[in-house]
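Next comes query_27.txt, a file with compact mmCIF, C-alpha atoms.
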# COMPACT_ATOMS: atom_id res chain seq x y z
CA MET A 1 -52.24 -20.77 128.10
CA THR A 2 -52.41 -23.04 131.07
CA GLU A 3 -52.98 -21.54 134.49
CA LYS A 4 -52.49 -23.26 137.81
CA VAL A 5 -55.27 -22.64 140.32
CA THR A 6 -54.72 -23.71 143.90
CA ILE A 7 -57.88 -25.02 145.51
CA GLU A 8 -56.70 -27.09 148.51
CA LYS A 9 -59.98 -28.87 149.06
CA LYS A 10 -60.41 -32.10 150.93
CA VAL A 11 -61.85 -34.74 148.64
CA LEU A 12 -64.17 -35.89 151.41
CA SER A 13 -65.11 -32.39 152.57
CA GLU A 14 -68.82 -33.08 152.05
CA ASN A 15 -68.62 -36.22 154.16
CA ASP A 16 -66.59 -34.36 156.79
CA LYS A 17 -69.15 -31.55 156.94
CA ILE A 18 -71.98 -33.99 157.68
CA ALA A 19 -69.78 -35.87 160.16
CA ALA A 20 -69.05 -32.62 161.98
CA SER A 21 -72.77 -31.92 162.25
CA LEU A 22 -73.39 -35.43 163.65
CA ARG A 23 -70.53 -34.97 166.13
CA GLU A 24 -72.01 -31.66 167.26
CA GLN A 25 -75.43 -33.28 167.82
CA PHE A 26 -73.85 -36.07 169.89
CA LYS A 27 -71.95 -33.44 171.89
CA GLN A 28 -75.03 -31.30 172.53
CA LYS A 29 -76.90 -34.33 173.86
CA GLY A 30 -73.98 -35.82 175.79
CA ILE A 31 -74.07 -39.03 173.76
CA PHE A 32 -70.95 -41.21 173.55
CA ALA A 33 -70.64 -42.47 169.96
CA ILE A 34 -68.43 -45.24 168.61
CA ASN A 35 -67.72 -46.52 165.12
CA LEU A 36 -67.13 -50.28 165.37
CA VAL A 37 -64.98 -51.73 162.59
CA SER A 38 -63.47 -55.12 161.79
CA SER A 39 -63.08 -57.78 159.10
CA PRO A 40 -66.23 -59.75 158.29
CA GLY A 41 -66.86 -62.39 160.94
CA SER A 42 -64.66 -61.07 163.76
CA GLY A 43 -67.62 -60.72 166.12
CA LYS A 44 -68.85 -57.11 165.98
CA THR A 45 -72.48 -58.17 166.26
CA SER A 46 -71.68 -60.74 168.98
CA LEU A 47 -69.90 -58.11 171.07
CA LEU A 48 -72.87 -55.78 170.65
CA GLU A 49 -75.33 -58.53 171.62
CA LYS A 50 -73.37 -58.95 174.87
CA THR A 51 -73.18 -55.20 175.36
CA ILE A 52 -76.91 -54.76 174.90
CA SER A 53 -77.88 -57.58 177.23
CA LYS A 54 -75.60 -56.34 180.02
CA LEU A 55 -76.11 -52.57 179.72
CA GLN A 56 -79.68 -52.29 178.49
CA ALA A 57 -81.13 -52.10 182.00
CA ASP A 58 -79.11 -49.02 182.95
CA TYR A 59 -78.28 -47.32 179.66
CA LYS A 60 -80.18 -46.28 176.57
CA ILE A 61 -78.35 -47.68 173.58
CA ALA A 62 -78.92 -46.74 169.94
CA LEU A 63 -77.47 -49.00 167.27
CA VAL A 64 -76.97 -48.58 163.56
CA ALA A 65 -75.98 -51.79 161.79
CA GLY A 66 -74.39 -51.46 158.36
CA ASP A 67 -74.26 -54.36 155.94
CA VAL A 68 -73.82 -54.74 152.20
CA GLN A 69 -76.92 -56.94 152.04
CA THR A 70 -79.54 -58.24 154.49
CA GLU A 71 -80.78 -56.83 157.77
CA ASN A 72 -79.56 -59.94 159.61
CA ASP A 73 -77.26 -58.07 161.99
CA ALA A 74 -79.92 -55.53 162.91
CA ASN A 75 -82.36 -58.38 163.53
CA ARG A 76 -79.84 -60.12 165.80
CA LEU A 77 -79.42 -56.93 167.81
CA ILE A 78 -83.19 -56.55 168.16
CA LYS A 79 -83.44 -60.18 169.25
CA ALA A 80 -80.73 -59.51 171.86
CA GLY A 81 -83.02 -56.86 173.33
CA GLY A 82 -81.95 -53.79 171.38
CA GLU A 83 -84.80 -51.29 171.50
CA MET A 84 -83.35 -48.65 169.19
CA VAL A 85 -81.84 -50.43 166.17
CA ARG A 86 -81.73 -49.27 162.55
CA PRO A 87 -80.18 -51.22 159.68
CA ILE A 88 -78.30 -49.53 156.86
CA VAL A 89 -78.14 -51.78 153.81
CA THR A 90 -75.52 -50.23 151.56
CA GLY A 91 -76.47 -52.29 148.51
CA GLY A 92 -72.86 -52.84 147.52
CA ALA A 93 -70.87 -50.03 149.13
CA CYS A 94 -67.99 -51.40 151.19
CA HIS A 95 -68.25 -48.79 153.96
CA LEU A 96 -70.68 -46.43 155.65
CA ASP A 97 -70.38 -42.72 154.99
CA ALA A 98 -71.63 -39.85 157.13
CA ASN A 99 -74.60 -39.21 154.87
CA MET A 100 -75.92 -42.76 155.38
CA VAL A 101 -75.80 -42.27 159.15
CA ASN A 102 -77.35 -38.83 158.81
CA ASN A 103 -80.23 -40.33 156.84
CA VAL A 104 -81.22 -42.59 159.74
CA ILE A 105 -80.50 -40.21 162.63
CA SER A 106 -84.00 -38.73 162.55
CA ASN A 107 -85.33 -42.16 163.59
CA PHE A 108 -83.72 -41.73 167.00
CA ASP A 109 -84.76 -39.57 169.92
CA LEU A 110 -81.36 -38.08 170.74
CA ASP A 111 -82.65 -36.73 174.06
CA ASN A 112 -83.01 -40.32 175.21
CA ILE A 113 -79.70 -41.93 174.27
CA ASP A 114 -76.52 -42.57 176.29
CA LEU A 115 -74.55 -44.65 173.81
CA PHE A 116 -74.68 -44.54 170.01
CA VAL A 117 -72.99 -47.46 168.26
CA ILE A 118 -72.39 -47.54 164.53
CA GLU A 119 -71.55 -51.07 163.41
CA ASN A 120 -69.69 -50.52 160.16
CA VAL A 121 -69.55 -52.86 157.17
CA GLY A 122 -67.01 -55.65 157.76
CA ASN A 123 -63.92 -54.21 156.06
CA LEU A 124 -60.58 -52.98 157.40
CA VAL A 125 -59.70 -50.70 154.48
CA CYS A 126 -62.45 -48.46 153.18
CA PRO A 127 -64.28 -47.43 156.38
CA SER A 128 -61.09 -45.84 157.73
CA SER A 129 -61.38 -42.86 155.35
CA TYR A 130 -64.93 -41.95 156.35
CA ASP A 131 -65.53 -39.95 159.50
CA LEU A 132 -69.03 -40.71 160.83
CA GLY A 133 -69.03 -38.15 163.63
CA GLU A 134 -68.04 -40.73 166.25
CA ASP A 135 -66.01 -40.01 169.39
CA MET A 136 -63.73 -42.90 168.53
CA LYS A 137 -63.22 -45.89 166.32
CA VAL A 138 -63.09 -49.29 167.98
CA VAL A 139 -61.38 -51.98 165.91
CA LEU A 140 -62.14 -55.61 166.57
CA ILE A 141 -59.87 -58.50 165.61
CA SER A 142 -60.43 -62.17 166.33
CA THR A 143 -58.00 -64.95 167.16
CA THR A 144 -58.95 -66.86 164.00
CA GLU A 145 -57.34 -64.12 161.91
CA GLY A 146 -53.63 -63.38 161.46
CA ASP A 147 -51.90 -61.67 164.38
CA ASP A 148 -50.18 -59.43 161.78
CA LYS A 149 -53.44 -57.70 160.82
CA PRO A 150 -52.45 -54.40 162.46
CA LEU A 151 -49.37 -54.32 160.18
CA LYS A 152 -51.46 -55.20 157.12
CA TYR A 153 -54.13 -52.56 157.76
CA PRO A 154 -52.15 -49.74 159.43
CA GLY A 155 -54.60 -47.01 158.40
CA MET A 156 -57.42 -48.53 160.40
CA PHE A 157 -55.37 -49.43 163.47
CA ARG A 158 -53.72 -46.01 163.47
CA ARG A 159 -57.08 -44.23 163.37
CA SER A 160 -58.68 -46.38 166.06
CA SER A 161 -58.53 -45.65 169.78
CA VAL A 162 -59.43 -49.11 171.03
CA MET A 163 -58.62 -52.64 169.88
CA VAL A 164 -60.76 -55.55 171.06
CA VAL A 165 -59.23 -59.00 170.56
CA ASN A 166 -62.21 -61.35 170.37
CA LYS A 167 -62.67 -65.15 170.39
CA THR A 168 -60.00 -65.64 173.08
CA ASP A 169 -61.68 -69.00 173.86
CA LEU A 170 -60.14 -70.22 170.59
CA LEU A 171 -56.56 -69.26 171.52
CA GLY A 172 -54.28 -72.23 170.96
CA PHE A 173 -56.34 -73.64 168.10
CA SER A 174 -54.52 -71.48 165.56
CA ASP A 175 -51.10 -69.84 165.24
CA PHE A 176 -52.50 -66.54 166.52
CA GLU A 177 -50.50 -65.22 169.46
CA LEU A 178 -51.94 -62.62 171.79
CA SER A 179 -48.54 -61.11 172.60
CA LYS A 180 -47.75 -60.75 168.88
CA VAL A 181 -50.98 -58.98 167.96
CA LYS A 182 -50.47 -56.58 170.85
CA GLU A 183 -46.88 -55.83 169.85
CA ASN A 184 -47.88 -55.38 166.19
CA ALA A 185 -50.70 -53.04 167.19
CA ARG A 186 -48.39 -51.08 169.52
CA GLN A 187 -46.01 -50.41 166.64
CA ILE A 188 -48.79 -48.90 164.55
CA ASN A 189 -50.53 -47.10 167.40
CA GLY A 190 -48.93 -46.91 170.84
CA GLN A 191 -52.01 -45.19 172.29
CA LEU A 192 -54.45 -48.06 171.66
CA THR A 193 -56.48 -49.29 174.62
CA VAL A 194 -56.68 -53.08 174.36
CA PHE A 195 -59.40 -55.49 175.54
CA GLU A 196 -59.47 -59.27 175.27
CA THR A 197 -62.89 -60.85 175.03
CA SER A 198 -64.68 -64.08 174.32
CA CYS A 199 -68.27 -63.43 173.36
CA LYS A 200 -68.79 -67.19 173.57
CA THR A 201 -67.81 -67.65 177.24
CA GLY A 202 -68.21 -64.01 178.30
CA GLU A 203 -64.63 -63.85 179.53
CA GLY A 204 -63.19 -60.33 179.47
CA VAL A 205 -66.47 -58.73 178.39
CA ASP A 206 -66.91 -57.07 181.81
CA LYS A 207 -63.73 -55.03 181.37
CA TRP A 208 -65.00 -53.77 178.02
CA LEU A 209 -68.33 -52.87 179.61
CA GLU A 210 -66.66 -51.06 182.53
CA TRP A 211 -64.64 -49.00 180.09
CA LEU A 212 -67.79 -48.18 178.08
CA LYS A 213 -69.57 -47.03 181.23
CA GLN A 214 -66.66 -44.72 182.09
CA GLN A 215 -66.70 -43.22 178.59
CA ILE A 216 -70.48 -42.72 178.69
CA ALA A 217 -70.17 -40.97 182.07
CA ALA A 218 -67.26 -38.81 180.89
CA LYS A 219 -69.18 -37.66 177.81
CA ARG A 220 -72.26 -36.89 179.88
CA ASN A 221 -70.15 -34.89 182.35
CA MET A 222 -68.94 -32.67 179.53
CA LEU A 223 -72.46 -31.28 179.17
CA MET B 224 -62.21 -50.81 146.79
CA HIS B 225 -63.52 -47.39 147.73
CA GLU B 226 -61.49 -45.68 144.99
CA LEU B 227 -64.58 -45.38 142.80
CA SER B 228 -66.49 -43.41 145.42
CA ILE B 229 -63.40 -41.24 146.04
CA ALA B 230 -63.11 -40.67 142.26
CA SER B 231 -66.75 -39.68 142.18
CA GLN B 232 -66.16 -37.14 144.97
CA VAL B 233 -63.18 -35.67 143.09
CA LEU B 234 -65.22 -35.33 139.91
CA HIS B 235 -68.16 -33.80 141.77
CA THR B 236 -65.96 -31.28 143.60
CA VAL B 237 -64.09 -30.18 140.47
CA LEU B 238 -67.30 -29.88 138.41
CA ASN B 239 -68.73 -27.69 141.17
CA GLU B 240 -65.59 -25.57 141.11
CA CYS B 241 -65.91 -25.18 137.30
CA ASP B 242 -69.52 -24.21 137.67
CA GLN B 243 -68.75 -21.56 140.28
CA LYS B 244 -65.62 -20.10 138.71
CA GLY B 245 -66.61 -20.51 135.07
CA TYR B 246 -63.69 -22.77 134.03
CA SER B 247 -64.41 -24.42 130.71
CA LYS B 248 -61.31 -26.56 130.24
CA VAL B 249 -59.47 -28.32 133.05
CA VAL B 250 -56.24 -29.94 131.84
CA THR B 251 -55.17 -31.49 135.12
CA VAL B 252 -56.58 -32.23 138.54
CA ALA B 253 -53.70 -32.63 141.00
CA LEU B 254 -54.33 -34.71 144.09
CA GLN B 255 -52.24 -35.22 147.19
CA ILE B 256 -52.80 -38.58 148.77
CA GLY B 257 -51.20 -39.72 152.00
CA ALA B 258 -49.84 -43.25 152.24
CA LEU B 259 -52.01 -43.92 155.30
CA THR B 260 -55.25 -43.58 153.31
CA ASP B 261 -54.87 -47.04 151.71
CA ILE B 262 -55.86 -45.61 148.34
CA VAL B 263 -54.41 -47.24 145.24
CA PRO B 264 -53.58 -44.48 142.71
CA SER B 265 -54.08 -46.68 139.64
CA ALA B 266 -57.53 -47.75 140.83
CA LEU B 267 -58.44 -44.13 141.53
CA THR B 268 -57.32 -43.02 138.05
CA PHE B 269 -59.18 -45.96 136.51
CA GLY B 270 -62.38 -44.93 138.29
CA PHE B 271 -61.95 -41.26 137.42
CA ASP B 272 -61.41 -42.06 133.74
CA ILE B 273 -64.66 -44.03 133.64
CA LEU B 274 -66.69 -41.40 135.46
CA LYS B 275 -65.36 -38.38 133.54
CA LYS B 276 -66.84 -39.51 130.21
CA ASP B 277 -69.75 -37.33 129.09
CA THR B 278 -68.79 -34.57 131.52
CA LEU B 279 -66.92 -31.28 131.13
CA LEU B 280 -63.83 -33.12 132.39
CA HIS B 281 -63.74 -35.82 129.68
CA ASN B 282 -60.22 -34.74 128.62
CA THR B 283 -58.93 -34.02 132.14
CA GLU B 284 -56.00 -35.99 133.52
CA LEU B 285 -55.57 -36.91 137.14
CA THR B 286 -52.11 -36.52 138.66
CA ILE B 287 -51.48 -38.03 142.05
CA GLU B 288 -48.71 -37.04 144.42
CA GLN B 289 -48.25 -39.65 147.11
CA VAL B 290 -47.32 -38.17 150.46
CA PRO B 291 -45.09 -40.32 152.67
CA VAL B 292 -45.93 -40.68 156.34
CA THR B 293 -44.02 -38.50 158.77
CA GLY B 294 -44.43 -38.28 162.52
CA LYS B 295 -43.23 -36.28 165.49
CA CYS B 296 -42.20 -37.96 168.72
CA ASN B 297 -43.99 -36.53 171.75
CA CYS B 298 -41.15 -37.63 174.03
CA CYS B 299 -38.01 -36.31 172.31
CA ASN B 300 -39.81 -33.92 169.91
CA LYS B 301 -37.87 -35.16 166.90
CA GLN B 302 -39.47 -35.50 163.48
CA PHE B 303 -38.95 -38.62 161.43
CA LYS B 304 -40.11 -40.51 158.37
CA VAL B 305 -42.41 -43.37 159.33
CA LYS B 306 -41.19 -46.49 157.57
CA GLU B 307 -43.61 -49.35 156.89
CA PHE B 308 -46.19 -47.59 159.07
CA VAL B 309 -44.27 -48.40 162.24
CA PHE B 310 -44.97 -45.50 164.55
CA VAL B 311 -42.00 -46.00 166.84
CA CYS B 312 -39.50 -43.16 167.32
CA PRO B 313 -36.16 -44.20 165.77
CA TYR B 314 -34.32 -41.94 168.25
CA CYS B 315 -35.85 -42.85 171.62
CA GLN B 316 -38.16 -45.83 170.77
CA ALA B 317 -41.24 -44.07 172.20
CA VAL B 318 -44.63 -44.94 170.69
CA ASP B 319 -46.36 -41.66 171.54
CA ILE B 320 -46.18 -40.23 168.03
CA THR B 321 -48.20 -37.45 166.43
CA LEU B 322 -48.94 -37.97 162.75
CA GLU B 323 -47.65 -34.99 160.80
CA LYS B 324 -48.17 -36.06 157.20
CA GLY B 325 -49.55 -39.05 155.35
CA ASP B 326 -53.26 -38.65 156.03
CA GLU B 327 -53.99 -36.30 153.10
CA LEU B 328 -56.80 -36.82 150.66
CA ASP B 329 -56.77 -33.41 149.04
CA ILE B 330 -57.32 -31.73 145.72
CA ALA B 331 -54.23 -29.50 145.64
CA TYR B 332 -54.68 -27.56 142.43
CA LEU B 333 -56.21 -27.50 138.96
CA GLU B 334 -54.54 -26.63 135.67
CA ILE B 335 -56.94 -24.56 133.64
CA ASP B 336 -56.65 -23.82 129.92
CA GLU B 337 -57.69 -20.24 129.33
Output the structure of this file as structure tokens.
Amino acid sequence: MTEKVTIEKKVLSENDKIAASLREQFKQKGIFAINLVSSPGSGKTSLLEKTISKLQADYKIALVAGDVQTENDANRLIKAGGEMVRPIVTGGACHLDANMVNNVISNFDLDNIDLFVIENVGNLVCPSSYDLGEDMKVVLISTTEGDDKPLKYPGMFRRSSVMVVNKTDLLGFSDFELSKVKENARQINGQLTVFETSCKTGEGVDKWLEWLKQQIAAKRNML
Amino acid sequence: MHELSIASQVLHTVLNECDQKGYSKVVTVALQIGALTDIVPSALTFGFDILKKDTLLHNTELTIEQVPVTGKCNCCNKQFKVKEFVFVCPYCQAVDITLEKGDELDIAYLEIDE
């Protein structure tokens, strides 16, 4: 005889448990944490290089750089002046999970951090399912991609709080239209905060940095 | 392609459940998967069928119920089905929408052979 047993368990409950513990640690220490996601090559590392060089003097920034292979991104962040950088080489996995972040967290002195950035593996699908304990996801898109990306990857744009449109110096060289990407993103997620940056010329980066500073202060004030 | 790691989590969770509750034969594992999770059911089943070999669940079938996305407008409070992932209220065109369903990645129930 067959019996139906209700279990109602989340498939990723183990991941979510670890993520909740990370989130609690960030909260206890007043650390603002972001999970930075994008396609490969949109400019996550470039934006972080800019962020480090401009904020390093006043803020203590911890960075975790995820990649399928190589520690190249982590090395770039160290070269840019990053003092607290740890690579996570997934060895094939297309996303970071909470356990991978948890495994490197002991390398950081959480009493001495204002901003914790997790640079995810370049991928707009898989990372969206995995909570890493961050305060918010920041999704980056560049002007050399299609302006319909928010419609193609709704899960990621829906779960993100911020969209950064990068490589604005290349606007006009492709069919990408700023107004279209914003409208497409608005249809998926009307609450998205949007920034436009060029990591090449530095244009627009200040607005991103100002916003980051406000978020860092707000998190600290919750202590 | 994170279906394989999701399949591995499903297998792990159900095997744990069998261990704790003493189930010896699981006929079906029923999943509820929201459309917003970007998970391809056939890829998930494919992964599960590979991983289940040589385990207690080698004869277990996966059934997947796909949950459509529904939202609630925070301006006019109406509920609606979200078509093509466009989170715009069809009644008042507002974009301040709370996701009600479509984000699930749950094991709903097991069918056990006693």
key: Residues of chain A within 7 Å of chain B, all atoms listed in the file counted, as a list in words   =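 So the residues of chain A near chain B are Met1, Thr2, Glu3, Lys4, Val5, Thr6, Ile7, Glu8, Lys9, Lys10, Val11, Leu12, Cys94, Val125, Cys126, Ser129, Pro154, Gly155, Gln187, Ile188, Asn189, Gly190 and Gln191 of chain A.
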message = Let me make sure I understand: among A:Ala20, A:Val194, A:Ile113, A:Val181, which one has the smallest atom-to-atom distance to Val138 of chain A if we use all atoms listed in the file?
response =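 Looking only at the distances to Val138 of chain A, the closest residue turns out to be A:Val194.
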query = With all atoms listed in the file as the atoms that count, which of A:Asn184, A:Asn35, A:Thr168, A:Ser42 lies nearest to Phe116 of chain A?
reply =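 Result for the nearest residue to Phe116 of chain A: A:Asn35.
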inquiry  = Using Å and a single decimal, report how far atom CA of Leu48 of chain A sits from atom CA of Thr201 of chain A.
reply    =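 The value is 14.5 Å.
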query = Which distance in Å separates atom CA of Leu223 of chain A and atom CA of Ile88 of chain A, to one decimal?
reply =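 Atom CA of Leu223 of chain A sits 29.4 Å away from atom CA of Ile88 of chain A.
Neighbourhood of point (-70.9, -46.6, 169.5): residues with an atom at most 9 Å away, counting all atoms listed in the file, are Phe32, Ala33, Ile34, Asn35, Leu36, Ile61, Ala62, Leu63, Val64, Leu115, Phe116, Val117, Ile118, Glu119, Glu134, Asp135, Met136, Lys137 and Val138 of chain A.
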query = Suppose you want the space between atom CA of Arg220 of chain A and atom CA of Trp208 of chain A; what is it in Å?
reply =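 So the answer is 18.5 Å.
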Residues at most 9 Å from Val89 of chain A, counting only C-alpha atoms, excluding those fewer than 6 positions away in the same chain, as a tab-separated table (two decimals) with C-alpha atoms, in the coordinates of the input?
chain	number	residue	atom	x	y	z
A	65	ALA	CA	-75.98	-51.79	161.79
A	66	GLY	CA	-74.39	-51.46	158.36
A	67	ASP	CA	-74.26	-54.36	155.94
A	68	VAL	CA	-73.82	-54.74	152.20
A	69	GLN	CA	-76.92	-56.94	152.04
A	70	THR	CA	-79.54	-58.24	154.49
A	71	GLU	CA	-80.78	-56.83	157.77
query = When distances are computed from all atoms listed in the file, which of B:Val290, B:Cys298, B:Leu280, B:Cys315 shows the smallest separation from Leu238 of chain B?
reply =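 When distances to Leu238 of chain B are compared using all atoms listed in the file, the smallest one comes from B:Leu280.
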Can I get C-alpha atoms for segment 8-68 of chain A, as a PDB file, in the first residue's frame?
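Final output, saved to selection.pdb:
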ATOM      1  CA  GLU A   8       7.253  20.387   2.851  1.00  0.00           C
ATOM      2  CA  LYS A   9      10.991  20.872   2.941  1.00  0.00           C
ATOM      3  CA  LYS A  10      12.896  23.434   0.969  1.00  0.00           C
ATOM      4  CA  VAL A  11      15.360  21.723  -1.342  1.00  0.00           C
ATOM      5  CA  LEU A  12      17.995  24.294  -0.453  1.00  0.00           C
ATOM      6  CA  SER A  13      17.229  24.335   3.270  1.00  0.00           C
ATOM      7  CA  GLU A  14      20.828  23.438   4.153  1.00  0.00           C
ATOM      8  CA  ASN A  15      22.141  26.299   2.052  1.00  0.00           C
ATOM      9  CA  ASP A  16      19.534  28.632   3.543  1.00  0.00           C
ATOM     10  CA  LYS A  17      20.499  27.637   7.078  1.00  0.00           C
ATOM     11  CA  ILE A  18      24.151  28.536   6.477  1.00  0.00           C
ATOM     12  CA  ALA A  19      23.120  31.744   4.688  1.00  0.00           C
ATOM     13  CA  ALA A  20      20.994  32.733   7.682  1.00  0.00           C
ATOM     14  CA  SER A  21      23.979  32.216   9.972  1.00  0.00           C
ATOM     15  CA  LEU A  22      26.179  34.375   7.705  1.00  0.00           C
ATOM     16  CA  ARG A  23      23.471  37.065   7.603  1.00  0.00           C
ATOM     17  CA  GLU A  24      23.276  37.041  11.402  1.00  0.00           C
ATOM     18  CA  GLN A  25      27.057  37.459  11.692  1.00  0.00           C
ATOM     19  CA  PHE A  26      26.989  40.409   9.274  1.00  0.00           C
ATOM     20  CA  LYS A  27      24.129  41.924  11.282  1.00  0.00           C
ATOM     21  CA  GLN A  28      25.881  41.489  14.634  1.00  0.00           C
ATOM     22  CA  LYS A  29      28.959  43.255  13.294  1.00  0.00           C
ATOM     23  CA  GLY A  30      27.098  45.945  11.344  1.00  0.00           C
ATOM     24  CA  ILE A  31      28.627  44.842   8.043  1.00  0.00           C
ATOM     25  CA  PHE A  32      26.872  45.713   4.779  1.00  0.00           C
ATOM     26  CA  ALA A  33      27.108  42.673   2.479  1.00  0.00           C
ATOM     27  CA  ILE A  34      26.414  42.464  -1.238  1.00  0.00           C
ATOM     28  CA  ASN A  35      26.312  39.591  -3.708  1.00  0.00           C
ATOM     29  CA  LEU A  36      27.533  40.909  -7.063  1.00  0.00           C
ATOM     30  CA  VAL A  37      26.250  38.986 -10.077  1.00  0.00           C
ATOM     31  CA  SER A  38      26.469  39.354 -13.857  1.00  0.00           C
ATOM     32  CA  SER A  39      27.304  37.560 -17.097  1.00  0.00           C
ATOM     33  CA  PRO A  40      30.995  36.816 -17.642  1.00  0.00           C
ATOM     34  CA  GLY A  41      32.826  39.926 -18.788  1.00  0.00           C
ATOM     35  CA  SER A  42      30.317  42.613 -17.764  1.00  0.00           C
ATOM     36  CA  GLY A  43      32.821  44.301 -15.460  1.00  0.00           C
ATOM     37  CA  LYS A  44      32.237  43.024 -11.912  1.00  0.00           C
ATOM     38  CA  THR A  45      35.944  42.997 -11.142  1.00  0.00           C
ATOM     39  CA  SER A  46      36.473  46.384 -12.826  1.00  0.00           C
ATOM     40  CA  LEU A  47      33.723  47.969 -10.734  1.00  0.00           C
ATOM     41  CA  LEU A  48      35.264  46.482  -7.598  1.00  0.00           C
ATOM     42  CA  GLU A  49      38.730  47.748  -8.555  1.00  0.00           C
ATOM     43  CA  LYS A  50      37.254  51.256  -8.774  1.00  0.00           C
ATOM     44  CA  THR A  51      35.354  50.766  -5.539  1.00  0.00           C
ATOM     45  CA  ILE A  52      38.455  49.625  -3.678  1.00  0.00           C
ATOM     46  CA  SER A  53      40.654  52.435  -4.927  1.00  0.00           C
ATOM     47  CA  LYS A  54      38.109  55.125  -4.017  1.00  0.00           C
ATOM     48  CA  LEU A  55      36.810  53.762  -0.699  1.00  0.00           C
ATOM     49  CA  GLN A  56      39.828  51.957   0.724  1.00  0.00           C
ATOM     50  CA  ALA A  57      41.091  55.021   2.588  1.00  0.00           C
ATOM     51  CA  ASP A  58      37.889  55.430   4.608  1.00  0.00           C
ATOM     52  CA  TYR A  59      36.305  51.979   4.680  1.00  0.00           C
ATOM     53  CA  LYS A  60      37.445  48.465   5.439  1.00  0.00           C
ATOM     54  CA  ILE A  61      36.420  46.280   2.541  1.00  0.00           C
ATOM     55  CA  ALA A  62      36.425  42.480   2.467  1.00  0.00           C
ATOM     56  CA  LEU A  63      36.137  40.756  -0.890  1.00  0.00           C
ATOM     57  CA  VAL A  64      35.440  37.199  -1.889  1.00  0.00           C
ATOM     58  CA  ALA A  65      36.012  36.509  -5.579  1.00  0.00           C
ATOM     59  CA  GLY A  66      34.389  33.411  -7.049  1.00  0.00           C
ATOM     60  CA  ASP A  67      35.573  31.887 -10.295  1.00  0.00           C
ATOM     61  CA  VAL A  68      35.297  28.500 -11.960  1.00  0.00           C
TER      62      VAL A  68
END
